[in-house]
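> Have a look at this one before I ask anything.
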Amino acid sequence: MTFQPLTPRLSILRLGMVNCYLYESARGPILIDCGNPGDGPKILAALQQRNYHPGAVRIVATHLHIDHIGALAALQTAGAPAAHMSPLDGAAVAQGSWIRPMHFAGPFAWFEDDINRRMVASQRGAPASIQPDATDGVVLYDELTVIATPGHSMGHISLYSPADGGVLICGDAAVHFTAQPNISFLYEDKMAAIESFKRLAGMSFAHAVFGHGKPLLGIADAAFRQRVARFTRNA
Ligand SMILES: [Zn+2]
């Protein structure tokens, strides 16, 4: 399992249902998100193939969910530093909490209370070391601008780099399984998720990558704007 290049600076590591990313900045490698519990050895092996020791890699996590921070404590045991997160989601992860109750679109909405009860009870892990400084507009390591994108989780962040034609790292602020990017089918606040998606669509980026689904390489911002036009028609 290896990081596969998407742009000169950005590579993807596919971990089953979820992706994590390596952004190679002028100041060193930055890992964005870190998979499920148990993915630690795969991530460490992929970093090693690039000759990166975990202690030399910076980490940014887009949000608190189990499939994005599950291996964080394991990476830190191997020497990785504290992960940059938003203050809200970061505070939860620092206490070993990996989810807040969510709402579900479609048929799952019927079982929402039951699913939430089970998930909140089961999705707890080792507290991880967090640097809760990833707030809107902060530029991490001179290259990755934090975009607050609440909705999927209320402390969710996306990351933007103007390099390589403009790269947007969406986390779960958007998913890309079908022809167009879309908001996730689960969220803490759907209206906030739509507003965040619209904010991203107003930016300029050639490439967008997602926690779930396939990368959108080339004129990605146009695909976001097409989706926004449909939100407006259906509103
Ligand atoms: Zn999520």
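The way I read the labels, and the way they are meant: chains A, B, ... in the order of the structure tokens, residue 1 as the first residue of every chain, and ligand 1 as the first ligand shown, with later ones counted on from there.
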Skip A:Asp189 itself and residues of its chain fewer than 6 positions away, then list as a PyMOL selection string all residues within 8 Å of it, counting only C-alpha atoms.
chain A and resi 102-103+150-154
> Please report, as a tab-separated table, each residue of stretch 116-166 of chain A lying at most 10 Å from stretch 197-206 of chain A, together with the nearest pair of atoms and the separation in Å rounded to one decimal; use only C-alpha atoms, and order rows by chain and ascending residue number.

residue	atom	partner	partner_atom	distance
A:Ile147	CA	A:Leu200	CA	8.4
A:Ala148	CA	A:Arg199	CA	9.6
A:Thr149	CA	A:Phe197	CA	7.6
A:Pro150	CA	A:Phe197	CA	9.4
A:Gly151	CA	A:Phe197	CA	9.2
A:Ser158	CA	A:Leu200	CA	8.9
A:Tyr160	CA	A:Phe205	CA	8.4
A:Ser161	CA	A:Phe205	CA	8.5
A:Pro162	CA	A:Phe205	CA	7.4
A:Ala163	CA	A:Phe205	CA	9.3
A:Asp164	CA	A:Ala206	CA	8.1
A:Gly165	CA	A:Ala206	CA	5.4
A:Gly166	CA	A:Phe205	CA	4.1
> Within 9 Å of ligand 1 (counting only C-alpha atoms and all ligand atoms), which residues show up? I'd like them as a PDB file with C-alpha atoms, in the first residue's frame.

ATOM      1  CA  THR A  62     -10.166  17.455   9.213  1.00  0.00           C
ATOM      2  CA  HIS A  63     -12.613  16.318  11.892  1.00  0.00           C
ATOM      3  CA  LEU A  64     -13.224  14.059  14.864  1.00  0.00           C
ATOM      4  CA  HIS A  65     -14.748  10.973  13.225  1.00  0.00           C
ATOM      5  CA  ILE A  66     -13.306   7.513  13.825  1.00  0.00           C
ATOM      6  CA  ASP A  67     -12.301   6.964  10.170  1.00  0.00           C
ATOM      7  CA  HIS A  68     -10.232  10.160  10.092  1.00  0.00           C
ATOM      8  CA  ILE A  99     -18.154  11.261  17.282  1.00  0.00           C
ATOM      9  CA  HIS A 152     -20.694  17.241   8.590  1.00  0.00           C
ATOM     10  CA  SER A 153     -19.182  17.897  12.015  1.00  0.00           C
ATOM     11  CA  HIS A 156     -14.878  20.332  10.460  1.00  0.00           C
ATOM     12  CA  GLY A 171     -12.231  15.974   4.252  1.00  0.00           C
ATOM     13  CA  ASP A 172     -15.939  15.136   4.541  1.00  0.00           C
ATOM     14  CA  ALA A 173     -17.207  18.636   3.708  1.00  0.00           C
ATOM     15  CA  SER A 184     -22.170  13.782   2.842  1.00  0.00           C
ATOM     16  CA  LEU A 186     -24.704  12.327   7.384  1.00  0.00           C
ATOM     17  CA  TYR A 187     -24.173  15.550   9.265  1.00  0.00           C
ATOM     18  CA  GLY A 211     -12.234  11.646   2.554  1.00  0.00           C
ATOM     19  CA  HIS A 212     -14.610   9.380   0.664  1.00  0.00           C
TER      20      HIS A 212
END
> Please return as a list of chain:residue names: the residues of stretch 112-230 of chain A that backbone DSSP assigns to strand (DSSP E or B).
A:Arg124, A:Ile130, A:Gln131, A:Val139, A:Leu140, A:Leu144, A:Thr145, A:Val146, A:Ile147, A:Ala148, A:Ile157, A:Ser158, A:Leu159, A:Tyr160, A:Ser161, A:Val167, A:Leu168, A:Ile169, A:Val175, A:His176, A:Asn182, A:Leu186, A:Tyr187, A:His207, A:Ala208, A:Val209, A:Gly213, A:Leu216, A:Leu217
> Would you list the contacts of A:Ala26 as JSON, numbers by chain, taking every protein, DNA or RNA residue within 9 Å and counting only C-alpha atoms, but skipping same-chain residues closer than 6 positions in sequence?
{"A": [141, 142, 143]}
> Might you pull out every residue within 7 Å of stretch 92-95 of chain A, with only C-alpha atoms counted and same-chain residues fewer than 6 positions away left off, and present them as a ChimeraX atom specification?
/A:64,127-130
> With only C-alpha atoms as the basis for distance, which of A:Met119, A:Ile169, A:Ala105, A:Ala45 is at the shortest distance from A:Cys20?
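Under the stated criterion, the closest residue is A:Ile169.
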